[in-house]
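The structure file work.txt is reproduced below (compact mmCIF, C-alpha atoms).
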```
# COMPACT_ATOMS: atom_id res chain seq x y z
CA MET A 27 0.00 0.00 0.00
CA ARG A 28 2.86 2.37 0.71
CA HIS A 29 4.14 1.80 -2.83
CA LEU A 30 0.69 2.61 -4.22
CA PHE A 31 0.58 5.82 -2.19
CA HIS A 32 3.97 6.90 -3.48
CA LEU A 33 2.88 6.11 -7.03
CA GLY A 34 -0.35 8.07 -6.60
CA ALA A 35 1.55 11.03 -5.18
CA ARG A 36 3.18 11.57 -8.58
CA MET A 37 -0.09 11.49 -10.54
CA PRO A 38 -1.97 14.60 -11.69
CA LEU A 39 -4.94 15.46 -9.51
CA ALA A 40 -7.31 15.05 -12.46
CA VAL A 41 -6.17 11.45 -12.99
CA LEU A 42 -6.55 10.65 -9.30
CA HIS A 43 -10.05 12.11 -9.26
CA ALA A 44 -11.03 10.09 -12.33
CA LEU A 45 -9.79 6.93 -10.64
CA GLY A 46 -11.64 8.00 -7.52
CA VAL A 47 -14.96 8.15 -9.34
CA VAL A 48 -14.46 4.53 -10.43
CA LEU A 49 -13.48 3.56 -6.89
CA GLY A 50 -16.52 5.31 -5.45
CA TRP A 51 -18.95 3.55 -7.75
CA LEU A 52 -17.32 0.15 -7.26
CA THR A 53 -17.75 0.59 -3.50
CA PHE A 54 -21.34 1.80 -3.87
CA LEU A 55 -22.33 -1.10 -6.13
CA GLY A 56 -20.37 -3.74 -4.23
CA SER A 57 -21.42 -2.92 -0.66
CA PRO A 58 -25.13 -3.08 0.19
CA LEU A 59 -24.53 -1.64 3.67
CA TYR A 60 -22.58 1.32 2.29
CA ARG A 61 -25.23 1.91 -0.36
CA ARG A 62 -28.14 1.77 2.09
CA ARG A 63 -26.47 4.12 4.55
CA LEU A 64 -25.53 6.70 1.92
CA LEU A 65 -29.01 6.78 0.42
CA ALA A 66 -30.75 6.77 3.81
CA ASN A 67 -28.67 9.64 5.21
CA ALA A 68 -29.21 11.75 2.11
CA ARG A 69 -32.93 11.01 2.23
CA LEU A 70 -33.13 12.01 5.92
CA ALA A 71 -31.60 15.35 4.96
CA GLN A 72 -34.22 15.71 2.21
CA GLN A 73 -31.59 15.64 -0.51
CA PRO A 74 -32.69 14.54 -3.99
CA LEU A 75 -31.47 11.25 -5.39
CA GLY A 76 -29.27 13.09 -7.88
CA VAL A 77 -27.28 14.70 -5.07
CA ALA A 78 -26.82 11.34 -3.34
CA LEU A 79 -25.55 9.75 -6.55
CA GLN A 80 -23.16 12.63 -7.23
CA SER A 81 -21.73 12.13 -3.75
CA VAL A 82 -20.69 8.58 -4.70
CA GLY A 83 -18.01 9.89 -7.05
CA GLN A 84 -17.03 12.64 -4.63
CA ALA A 85 -16.42 10.10 -1.87
CA GLY A 86 -14.16 8.16 -4.22
CA ARG A 87 -12.27 11.34 -5.10
CA MET A 88 -11.74 12.00 -1.39
CA VAL A 89 -9.89 8.70 -1.02
CA ALA A 90 -7.97 8.86 -4.31
CA GLU A 91 -6.58 12.36 -3.68
CA LEU A 92 -4.93 11.41 -0.37
CA PRO A 93 -1.60 10.22 -1.85
CA ARG A 94 -1.14 13.55 -3.61
CA LEU A 95 -2.14 15.54 -0.53
CA TRP A 96 0.04 13.58 1.85
CA LEU A 97 3.11 12.86 -0.28
CA GLY A 98 2.95 14.85 -3.51
CA ALA A 99 3.52 18.36 -4.77
CA PRO A 100 1.29 21.16 -3.43
CA VAL A 101 -2.15 21.41 -5.02
CA PRO A 102 -3.72 24.63 -6.35
CA VAL A 103 -5.69 26.45 -3.64
CA ARG A 104 -7.84 29.58 -3.63
CA TRP A 105 -9.43 31.29 -0.62
CA ASP A 106 -12.94 32.55 0.06
CA GLY A 107 -13.40 34.44 3.32
CA VAL A 108 -9.75 34.76 4.30
CA VAL A 109 -10.57 38.16 5.87
CA HIS A 110 -12.11 36.30 8.81
CA ILE A 111 -8.76 34.65 9.53
CA ASP A 112 -6.95 37.98 9.18
CA ALA A 113 -9.33 39.54 11.71
CA ALA A 114 -8.87 36.67 14.16
CA LEU A 115 -5.10 36.89 13.88
CA ALA A 116 -5.23 40.62 14.51
CA SER A 117 -7.27 40.05 17.68
CA GLY A 118 -4.62 37.74 19.11
CA ARG A 119 -7.22 35.18 20.18
CA GLY A 120 -6.98 31.51 19.37
CA MET A 121 -8.96 30.22 16.38
CA LEU A 122 -11.11 27.10 16.43
CA PHE A 123 -11.81 25.85 12.90
CA LEU A 124 -14.84 23.55 12.60
CA THR A 125 -15.03 21.49 9.41
CA PRO A 126 -17.65 18.85 8.58
CA HIS A 127 -17.10 15.73 6.45
CA LEU A 128 -17.51 17.94 3.41
CA GLY A 129 -15.33 18.25 0.33
CA CYS A 130 -11.63 17.80 1.03
CA PHE A 131 -11.14 18.36 4.75
CA GLU A 132 -7.47 17.34 4.53
CA VAL A 133 -6.60 20.33 2.36
CA THR A 134 -8.12 22.93 4.70
CA ALA A 135 -5.50 22.40 7.40
CA GLN A 136 -2.68 22.13 4.85
CA ALA A 137 -3.72 25.38 3.17
CA TYR A 138 -3.90 27.19 6.51
CA ALA A 139 -0.44 25.91 7.48
CA ALA A 140 1.05 26.97 4.16
CA ARG A 141 -0.33 30.51 4.39
CA PHE A 142 -0.50 31.26 8.13
CA GLY A 143 1.41 28.50 9.91
CA ALA A 144 4.62 30.49 10.24
CA VAL A 145 2.70 33.11 12.23
CA LYS A 146 0.27 30.91 14.16
CA PRO A 147 0.53 27.14 13.66
CA MET A 148 -2.52 24.87 13.56
CA THR A 149 -3.07 21.73 15.61
CA VAL A 150 -5.61 19.25 14.23
CA LEU A 151 -7.42 16.56 16.17
CA TYR A 152 -7.34 13.11 14.59
CA ARG A 153 -8.27 9.55 15.47
CA PRO A 154 -5.30 7.21 14.90
CA SER A 155 -5.95 4.48 12.34
CA ARG A 156 -6.33 0.91 13.55
CA GLN A 157 -4.19 -0.30 10.64
CA PRO A 158 -0.48 -0.09 11.54
CA TRP A 159 0.74 0.69 8.00
CA LEU A 160 -1.75 3.56 7.64
CA ARG A 161 -1.13 4.87 11.14
CA GLY A 162 2.59 5.12 10.42
CA LEU A 163 1.98 6.81 7.09
CA VAL A 164 -0.39 9.37 8.63
CA ASP A 165 2.06 10.15 11.41
CA GLU A 166 4.80 10.76 8.85
CA THR A 167 2.81 12.92 6.45
CA ARG A 168 0.25 14.95 8.38
CA GLU A 169 2.73 16.84 10.51
CA ARG A 170 4.51 19.51 8.48
CA PRO A 171 5.74 23.10 9.02
CA GLY A 172 2.94 25.05 10.67
CA LEU A 173 0.79 21.95 11.19
CA ARG A 174 0.70 19.67 14.23
CA THR A 175 -1.49 16.75 15.21
CA ALA A 176 -3.20 15.78 18.45
CA ALA A 177 -4.64 12.32 19.04
CA THR A 178 -8.14 11.81 20.46
CA THR A 179 -6.87 11.28 24.00
CA LEU A 180 -6.87 13.33 27.18
CA SER A 181 -3.33 14.50 26.48
CA GLY A 182 -4.40 15.42 22.95
CA VAL A 183 -7.25 17.56 24.29
CA ARG A 184 -4.84 19.29 26.65
CA GLN A 185 -2.61 19.98 23.65
CA LEU A 186 -5.54 21.62 21.84
CA ILE A 187 -6.41 23.80 24.83
CA GLY A 188 -2.79 24.87 25.17
CA ALA A 189 -2.64 25.83 21.50
CA LEU A 190 -5.78 27.94 21.74
CA LYS A 191 -4.59 29.70 24.89
CA ALA A 192 -1.36 30.50 23.05
CA GLY A 193 -3.41 32.27 20.38
CA GLU A 194 -2.85 29.50 17.82
CA ALA A 195 -5.31 27.63 15.58
CA VAL A 196 -7.04 24.32 16.21
CA GLY A 197 -9.01 22.29 13.69
CA LEU A 198 -11.46 19.43 14.17
CA LEU A 199 -14.46 17.70 12.61
CA PRO A 200 -17.40 18.34 14.98
CA ASP A 201 -19.72 15.96 13.10
CA GLN A 202 -17.54 12.98 14.07
CA VAL A 203 -19.38 10.70 16.50
CA PRO A 204 -17.57 10.71 19.89
CA PRO A 205 -17.40 7.84 22.39
CA LEU A 206 -20.23 7.42 24.88
CA GLY A 207 -20.16 10.08 27.58
CA LEU A 208 -18.34 12.65 25.46
CA GLY A 209 -21.36 13.94 23.57
CA VAL A 210 -25.04 14.79 23.65
CA TRP A 211 -27.94 14.04 21.33
CA ALA A 212 -28.70 17.05 19.13
CA PRO A 213 -30.55 17.46 15.82
CA PHE A 214 -28.64 17.20 12.56
CA PHE A 215 -30.82 17.64 9.49
CA GLY A 216 -33.86 17.00 11.68
CA GLN A 217 -32.60 13.69 13.08
CA ASP A 218 -31.01 13.34 16.52
CA ALA A 219 -27.29 12.57 16.21
CA TYR A 220 -24.79 11.96 18.98
CA THR A 221 -22.67 15.11 18.87
CA MET A 222 -19.37 15.91 20.57
CA THR A 223 -19.32 18.54 23.30
CA LEU A 224 -15.60 19.10 22.81
CA SER A 225 -16.05 21.85 20.21
CA ALA A 226 -17.91 24.18 22.53
CA ARG A 227 -15.71 23.32 25.52
CA LEU A 228 -12.59 24.19 23.55
CA ALA A 229 -14.05 27.49 22.38
CA ARG A 230 -15.00 28.50 25.93
CA SER A 231 -11.75 27.29 27.49
CA ALA A 232 -9.73 29.93 25.67
CA ASP A 233 -12.35 32.45 24.49
CA ALA A 234 -11.42 31.37 20.96
CA THR A 235 -12.78 32.76 17.71
CA VAL A 236 -14.88 30.03 16.10
CA LEU A 237 -14.60 29.80 12.32
CA LEU A 238 -16.32 27.39 9.94
CA SER A 239 -14.30 26.08 7.03
CA TRP A 240 -14.42 23.52 4.25
CA GLY A 241 -12.42 22.69 1.14
CA GLU A 242 -14.45 22.69 -2.07
CA ARG A 243 -13.13 20.20 -4.60
CA LEU A 244 -13.06 21.76 -8.08
CA SER A 245 -13.83 19.79 -11.20
CA TRP A 246 -11.21 18.43 -13.62
CA GLY A 247 -8.49 18.42 -10.98
CA ARG A 248 -8.26 22.22 -10.89
CA GLY A 249 -7.62 22.25 -7.16
CA TYR A 250 -9.63 23.52 -4.22
CA VAL A 251 -11.33 26.57 -2.76
CA ILE A 252 -11.04 27.00 1.01
CA HIS A 253 -14.24 28.58 2.30
CA VAL A 254 -14.13 30.32 5.69
CA ARG A 255 -17.20 31.62 7.51
CA PRO A 256 -17.73 33.08 10.99
CA LEU A 257 -19.92 31.01 13.28
CA GLY A 258 -22.28 33.96 13.50
CA ALA A 259 -23.74 33.00 16.87
CA ASP A 260 -22.68 32.79 20.49
CA LEU A 261 -22.31 29.29 21.88
CA PRO A 262 -24.65 28.63 24.80
CA THR A 263 -23.18 27.22 28.00
CA GLU A 264 -25.69 24.35 28.09
CA PRO A 265 -24.07 21.42 26.20
CA GLN A 266 -27.07 20.30 24.16
CA ALA A 267 -27.92 23.85 23.11
CA ALA A 268 -24.30 24.47 22.09
CA ALA A 269 -24.20 21.21 20.12
CA SER A 270 -27.41 22.22 18.35
CA VAL A 271 -25.87 25.55 17.30
CA ILE A 272 -22.78 23.79 15.96
CA ASN A 273 -24.83 21.16 14.10
CA ALA A 274 -26.91 23.93 12.51
CA ALA A 275 -23.68 25.62 11.39
CA MET A 276 -22.44 22.35 9.87
CA GLU A 277 -25.75 21.97 8.06
CA SER A 278 -25.31 25.44 6.57
CA LEU A 279 -21.94 24.43 5.12
CA VAL A 280 -23.27 21.15 3.74
CA ARG A 281 -26.06 23.02 1.97
CA GLU A 282 -23.43 25.02 0.07
CA SER A 283 -22.44 21.85 -1.79
CA PRO A 284 -24.45 18.82 -0.63
CA ALA A 285 -23.01 16.55 -3.33
CA GLN A 286 -19.59 16.85 -1.66
CA TYR A 287 -20.81 15.77 1.77
CA LEU A 288 -19.83 12.29 2.92
CA TRP A 289 -23.37 10.93 3.20
CA SER A 290 -21.97 7.44 3.71
CA TYR A 291 -20.54 8.46 7.11
CA ASP A 292 -22.49 6.73 9.88
CA ARG A 293 -23.54 10.00 11.48
CA TYR A 294 -26.55 8.63 13.34
CA LYS A 295 -24.91 5.59 14.90
CA ALA A 296 -24.99 4.87 18.61
CA PRO A 297 -21.75 5.97 20.29
CA ARG A 298 -19.18 3.33 21.16
CA LYS A 299 -18.47 2.68 24.82
```
In structure tokens, what does this structure look like?
Amino acid sequence: MRHLFHLGARMPLAVLHALGVVLGWLTFLGSPLYRRRLLANARLAQQPLGVALQSVGQAGRMVAELPRLWLGAPVPVRWDGVVHIDAALASGRGMLFLTPHLGCFEVTAQAYAARFGAVKPMTVLYRPSRQPWLRGLVDETRERPGLRTAATTLSGVRQLIGALKAGEAVGLLPDQVPPLGLGVWAPFFGQDAYTMTLSARLARSADATVLLSWGERLSWGRGYVIHVRPLGADLPTEPQAAASVINAAMESLVRESPAQYLWSYDRYKAPRK
């Protein structure tokens, strides 16, 4: 697999995305469970069948682009809403970037690190892979100048809090289902989903500026647009109310490009113990 990743890293983004479409459809057609979940989640969110089917190819692109993002030459990136980052940097407060499973979430942190990391580095929360070969590869490639990683452990959370209190940036995916006891049930597209409370706790712990971001994947391998939006609302102190505000914000991003949302993600599953 490492050899395949190194081979993919040298391929043009357009070729990888074309291969990704094939991969996405092979997975969709070959896995009844994957297919049922993707269609059911899109239907719960009242998305038309056409959007759900478009997301099949986008999910494949998300996987196929990883070798290039982790090991290859930099990809073309444009910014939308960078003024919100400039304002946060000028304030001196830490920045908490919240990104759903939408578009290319890998590129958002990389793009921030490339442009702002020398001034204020970013620390991203990640769940280590259970596969040893992939875990080693991720550890080698995700950390780069201006970009650090923090595992989903107590020490990792402390690392995030320390970064925010130092006025740095932190990035995480708030629509990732946390373990039992670390979340609350809150609506997401009208259906209760177990939602992490960590996002709001981090924001309050350091009076951080909360920004929403996602990486739009452009067609024909032309690169990505990093969209940045302010949260636009104060986070309540009550955990369920805060989680509801964050879920509503994630919904607003998904509605910008629903075909690029990872509808196959098991968002409504019961949390693991």
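Of the residues listed (A:His32, A:Thr235, A:Pro102, A:Leu39), A:Thr235 shows the shortest atom-to-atom separation from A:Ala116; distances use all atoms listed in the file.
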Pick the closest to A:Phe31 from A:Trp96, A:Tyr152, A:Trp51, A:Trp289: which is it, counting all atoms listed in the file?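 Among A:Trp96, A:Tyr152, A:Trp51, A:Trp289, it is A:Trp96 that comes nearest to A:Phe31.
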Could you name the residues that touch A:Leu208 at 9 Å or less, counting only C-alpha atoms, but leaving out those on the same chain fewer than 3 positions away, as an mmCIF file with C-alpha atoms, in the frame of the given file?
```
data_model
loop_
_atom_site.group_PDB
_atom_site.id
_atom_site.type_symbol
_atom_site.label_atom_id
_atom_site.label_comp_id
_atom_site.auth_asym_id
_atom_site.auth_seq_id
_atom_site.Cartn_x
_atom_site.Cartn_y
_atom_site.Cartn_z
ATOM 1 C CA PRO A 204 -17.570 10.710 19.890
ATOM 2 C CA PRO A 205 -17.400 7.840 22.390
ATOM 3 C CA THR A 221 -22.670 15.110 18.870
ATOM 4 C CA MET A 222 -19.370 15.910 20.570
ATOM 5 C CA THR A 223 -19.320 18.540 23.300
ATOM 6 C CA LEU A 224 -15.600 19.100 22.810
#
```
Out of A:Val133, A:Pro284, A:Ala296, A:Leu206, which residue has the shortest atom-to-atom distance to A:Gly76 when counting only C-alpha atoms?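 Looking only at the distances to A:Gly76, the closest residue turns out to be A:Pro284.
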Between atom CA of A:Asn273 and atom CA of A:His43, measure the distance and give it in Å to one decimal.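 So the answer is 29.1 Å.
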At a cut-off of 10 Å, using all atoms listed in the file, what residues contact A:Pro126? Leave out same-chain residues fewer than 3 positions from it and give the result as a PDB file with C-alpha atoms, in the coordinates of the input.
```
ATOM      1  CA  GLY A 129     -15.330  18.250   0.330  1.00  0.00           C
ATOM      2  CA  CYS A 130     -11.630  17.800   1.030  1.00  0.00           C
ATOM      3  CA  PHE A 131     -11.140  18.360   4.750  1.00  0.00           C
ATOM      4  CA  LEU A 198     -11.460  19.430  14.170  1.00  0.00           C
ATOM      5  CA  LEU A 199     -14.460  17.700  12.610  1.00  0.00           C
ATOM      6  CA  PRO A 200     -17.400  18.340  14.980  1.00  0.00           C
ATOM      7  CA  ASP A 201     -19.720  15.960  13.100  1.00  0.00           C
ATOM      8  CA  GLN A 202     -17.540  12.980  14.070  1.00  0.00           C
ATOM      9  CA  LEU A 238     -16.320  27.390   9.940  1.00  0.00           C
ATOM     10  CA  SER A 239     -14.300  26.080   7.030  1.00  0.00           C
ATOM     11  CA  TRP A 240     -14.420  23.520   4.250  1.00  0.00           C
ATOM     12  CA  GLY A 241     -12.420  22.690   1.140  1.00  0.00           C
ATOM     13  CA  ASN A 273     -24.830  21.160  14.100  1.00  0.00           C
ATOM     14  CA  ALA A 275     -23.680  25.620  11.390  1.00  0.00           C
ATOM     15  CA  MET A 276     -22.440  22.350   9.870  1.00  0.00           C
ATOM     16  CA  GLU A 277     -25.750  21.970   8.060  1.00  0.00           C
ATOM     17  CA  LEU A 279     -21.940  24.430   5.120  1.00  0.00           C
ATOM     18  CA  VAL A 280     -23.270  21.150   3.740  1.00  0.00           C
ATOM     19  CA  TYR A 287     -20.810  15.770   1.770  1.00  0.00           C
ATOM     20  CA  LEU A 288     -19.830  12.290   2.920  1.00  0.00           C
TER      21      LEU A 288
END
```
Length of the atom CA of A:Val103 to atom CA of A:Gly197 vector [Å]: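 Computed distance, atom CA of A:Val103 to atom CA of A:Gly197, equals 18.1 Å.
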